[in-house]
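In what follows, a single structure is set out as structure tokens and then discussed.
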Amino acid sequence: MVAPLRSTPFRFALSALCAAVLTACGGSAPDSGLVSSDSTASSKTLTAVHVSSTTTSSSAWTPAVNDTWQWQLRGQINTGYAVNVYDIDLFDAPQSTIDSLKAQGRHVVCYFSAGSSENWRPDFNQFLASDKGNALSGWAGERWLDTRSANVRQIMQKRLDLAKAKGCDGVEPDNVDGYTNDPGFPLNASTQLDYNRFLAAEAHARGLVVALKNDVEQVEELAAYFDFAINEQCHQYQECDVYTAFTDQGKPVFNAEYAKKYRDNVNGARTGLCQAARSADIRTLVLPLYLDDKFRYSCD
């Protein structure tokens with residue numbers, strides 16, 4: 001299974017609690033935001049096409065601050081949402097789904113973990129033992145990566161090649177804040193900045209737009225290098241203000257919130273959330289933690 005939620009250590013306990021709550025709710029929703037999903041087979045092959053490097057993106061798509069989005073990493077992708085951007089899994093999303101979305105005029109962003117190894121991925125055996133550090137708490141089969149490793153970076157280049165070959169318009173590299181966790185390596189703010197800038201440059205070299213995922217502490221230093229941002233729970237943790245570094249440049253911020261109070265609109269919580277999101281020009285969705293399209297509420 002893909003493990004979408006990544007952030008600083010104090011969030012892992014809350015993530016587990018949220019998952020338990022959502023499971024207990026049975027995936028139902030009180031209005032037409034409810035959609036059921038089925039499982040889909042994982043990709044078993046990794047096709048890579050090398051693309052020469054340049055210094056800037058040649059993508060025909062420039063993400064706009066008012067672009068709307070859908071984020072689904074598990075299950076059969078529901079392609080029926082009238083949004084500009086779909087964020088789906090690089091490995092698991094069938095080529096036919098990517099082709100269908102693009103035929104509808106959607107832009108496709110492809111998710112992969114850039115900061116952890118996942119033992120179910122088809123290229124997992126390319127990681128060296130020395131590349132893999134501590135386990136990610138609460139996420140079976142995942143271990144933090146030494147992002148200073150030349151081998152790790154080569155694997156990420158191949159993943160970006162795969163995204164290009166599959167027709168993705170952009171990428172969402174996840175787990176790019178390992179230094180704020182307990183990775184098992186002497187990573188720090190400087191090594192993280194170097195790695196994240198490397199990912200952005202390599203994506204742009206392939207004509208892909210690239211999202212900065214979380215790494216809230218370094219948003220202001222990295223906003224110039226990335227084309228848009230994807231954040232989890234900045235409203236819940238009162239961290240959204242930092243994203244003016246993106247919106248002031250006309251770059252979109254795609255946000256997901258998971259708290260049950262937003263799902264159920266307890267005491268008007270979702271109403272207030274959406275008012276705040278619109279005021280901040282942030283594209284906020286209320287989604288299930290496991291991003292399986294069991295329900296969806298959009299503030300747009």
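Going through the structure tokens in order, the chains are called A, B, and so on, while each chain numbers its residues from 1 and the ligands are numbered from 1 in the order shown.
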Test item: residues at most 6 Å from segment 172-184 of chain A, only C-alpha atoms, excluding those fewer than 6 positions along its chain, as a VMD selection string:
chain A and resid 6 8 to 9 110 to 115 133 to 134 144 211 213 215
Need the shell around Ala82 of chain A: protein/DNA/RNA residues with any atom at most 10 Å away, counting only C-alpha atoms. Skip same-chain ones fewer than 5 positions apart. Format as a compact mmCIF listing (two decimals) with N, CA and C atoms, in the first residue's frame?
# COMPACT_ATOMS: atom_id res chain seq x y z
N THR A 68 -7.91 23.58 -9.99
CA THR A 68 -8.56 22.66 -9.06
C THR A 68 -7.93 21.28 -9.21
N TRP A 69 -8.13 20.41 -8.19
CA TRP A 69 -7.41 19.14 -8.22
C TRP A 69 -8.17 18.01 -7.56
N GLN A 70 -7.72 16.80 -7.86
CA GLN A 70 -8.16 15.58 -7.19
C GLN A 70 -6.93 14.74 -6.89
N GLN A 104 -9.15 13.90 -21.70
CA GLN A 104 -10.19 14.78 -21.17
C GLN A 104 -9.69 16.21 -20.94
N ARG A 106 -7.23 16.90 -18.75
CA ARG A 106 -6.70 17.02 -17.40
C ARG A 106 -5.17 17.01 -17.43
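When atom CA of Ile282 of chain A is paired with atom CA of Phe254 of chain A, their separation reads 6.3 Å.
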For Asp281 of chain A, work out the shell of residues within 9 Å, counting only C-alpha atoms and skipping chain neighbours fewer than 4 positions away, then give it as a VMD selection string.
chain A and resid 65 to 66 244 247 252 to 253 276 to 277
Just want the 8 Å neighbourhood of Cys240 of chain A, counted on only C-alpha atoms, with same-chain residues fewer than 5 positions away dropped. Output as a PDB file with N, CA and C atoms, in the first residue's frame.
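Generated output (part.pdb):
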ATOM      1  N   CYS A 234      -2.216  21.780   6.710  1.00  0.00           N
ATOM      2  CA  CYS A 234      -1.701  23.075   7.156  1.00  0.00           C
ATOM      3  C   CYS A 234      -2.761  23.872   7.902  1.00  0.00           C
ATOM      4  N   HIS A 235      -4.049  23.644   7.591  1.00  0.00           N
ATOM      5  CA  HIS A 235      -5.100  24.323   8.351  1.00  0.00           C
ATOM      6  C   HIS A 235      -5.161  23.775   9.763  1.00  0.00           C
ATOM      7  N   ALA A 280      -7.106  32.393   1.671  1.00  0.00           N
ATOM      8  CA  ALA A 280      -5.667  32.216   1.457  1.00  0.00           C
ATOM      9  C   ALA A 280      -5.332  31.810   0.028  1.00  0.00           C
TER      10      ALA A 280
END
Selection: 12 Å around Thr271 of chain A, only C-alpha atoms, excl. self and same-chain fewer than 2 positions, as number ranges by chain
A: 261-269, 273-278, 284, 286, 297-300
Written selection (C-alpha atoms) as a PDB file, in the first residue's frame:
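Now in selection_13.pdb:
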ATOM      1  CA  LYS A 261     -14.428  17.394  12.244  1.00  0.00           C
ATOM      2  CA  TYR A 262     -13.912  18.660   8.704  1.00  0.00           C
ATOM      3  CA  ARG A 263     -15.478  15.611   7.140  1.00  0.00           C
ATOM      4  CA  ASP A 264     -18.571  15.799   9.320  1.00  0.00           C
ATOM      5  CA  ASN A 265     -18.634  19.616   9.459  1.00  0.00           C
ATOM      6  CA  VAL A 266     -18.793  19.462  13.259  1.00  0.00           C
ATOM      7  CA  ASN A 267     -19.953  22.851  14.542  1.00  0.00           C
ATOM      8  CA  GLY A 268     -19.351  24.282  11.085  1.00  0.00           C
ATOM      9  CA  ALA A 269     -15.664  23.204  11.050  1.00  0.00           C
ATOM     10  CA  LEU A 273     -12.049  25.648   6.849  1.00  0.00           C
ATOM     11  CA  CYS A 274     -13.261  26.452   3.368  1.00  0.00           C
ATOM     12  CA  GLN A 275     -13.660  30.131   4.148  1.00  0.00           C
ATOM     13  CA  ALA A 276     -10.049  30.218   5.353  1.00  0.00           C
ATOM     14  CA  ALA A 277      -8.837  28.248   2.327  1.00  0.00           C
ATOM     15  CA  ARG A 278     -10.539  30.560  -0.137  1.00  0.00           C
ATOM     16  CA  THR A 284      -8.294  22.566  -0.133  1.00  0.00           C
ATOM     17  CA  VAL A 286     -11.183  17.042   2.739  1.00  0.00           C
ATOM     18  CA  TYR A 297     -15.308  17.426  -0.102  1.00  0.00           C
ATOM     19  CA  SER A 298     -13.894  20.355  -2.054  1.00  0.00           C
ATOM     20  CA  CYS A 299     -13.681  23.949  -0.889  1.00  0.00           C
ATOM     21  CA  ASP A 300     -13.776  25.103  -4.529  1.00  0.00           C
TER      22      ASP A 300
END
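When only C-alpha atoms are used to measure the gap to Gln238 of chain A, the shortest distance among A:Val209, A:Val216, A:Val108, A:Leu222 belongs to A:Val216.
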So what do you get for atom CA of Asp227 of chain A versus atom CA of Ser116 of chain A, distance-wise?
22.4 Å
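Considering only segment 88-192 of chain A, backbone DSSP assigns strand (DSSP E or B) to Ile88, Asp89, His107, Val108, Val109, Cys110, Tyr111, Phe112, Ser113, Ser116, Ser117, Glu118, Lys132, Gly133, Asn134, Ala135, Glu142, Arg143, Trp144, Leu145, Gly170, Val171, Glu172, Pro173 and Asp174 of chain A.
Restricting the calculation to only C-alpha atoms, the smallest distance between Ala229 of chain A and any of A:Phe246, A:Phe124, A:Phe295, A:Phe91 is found for A:Phe246.
The space between atom CA of Tyr290 of chain A and atom CA of Gly138 of chain A spans 12.9 Å.
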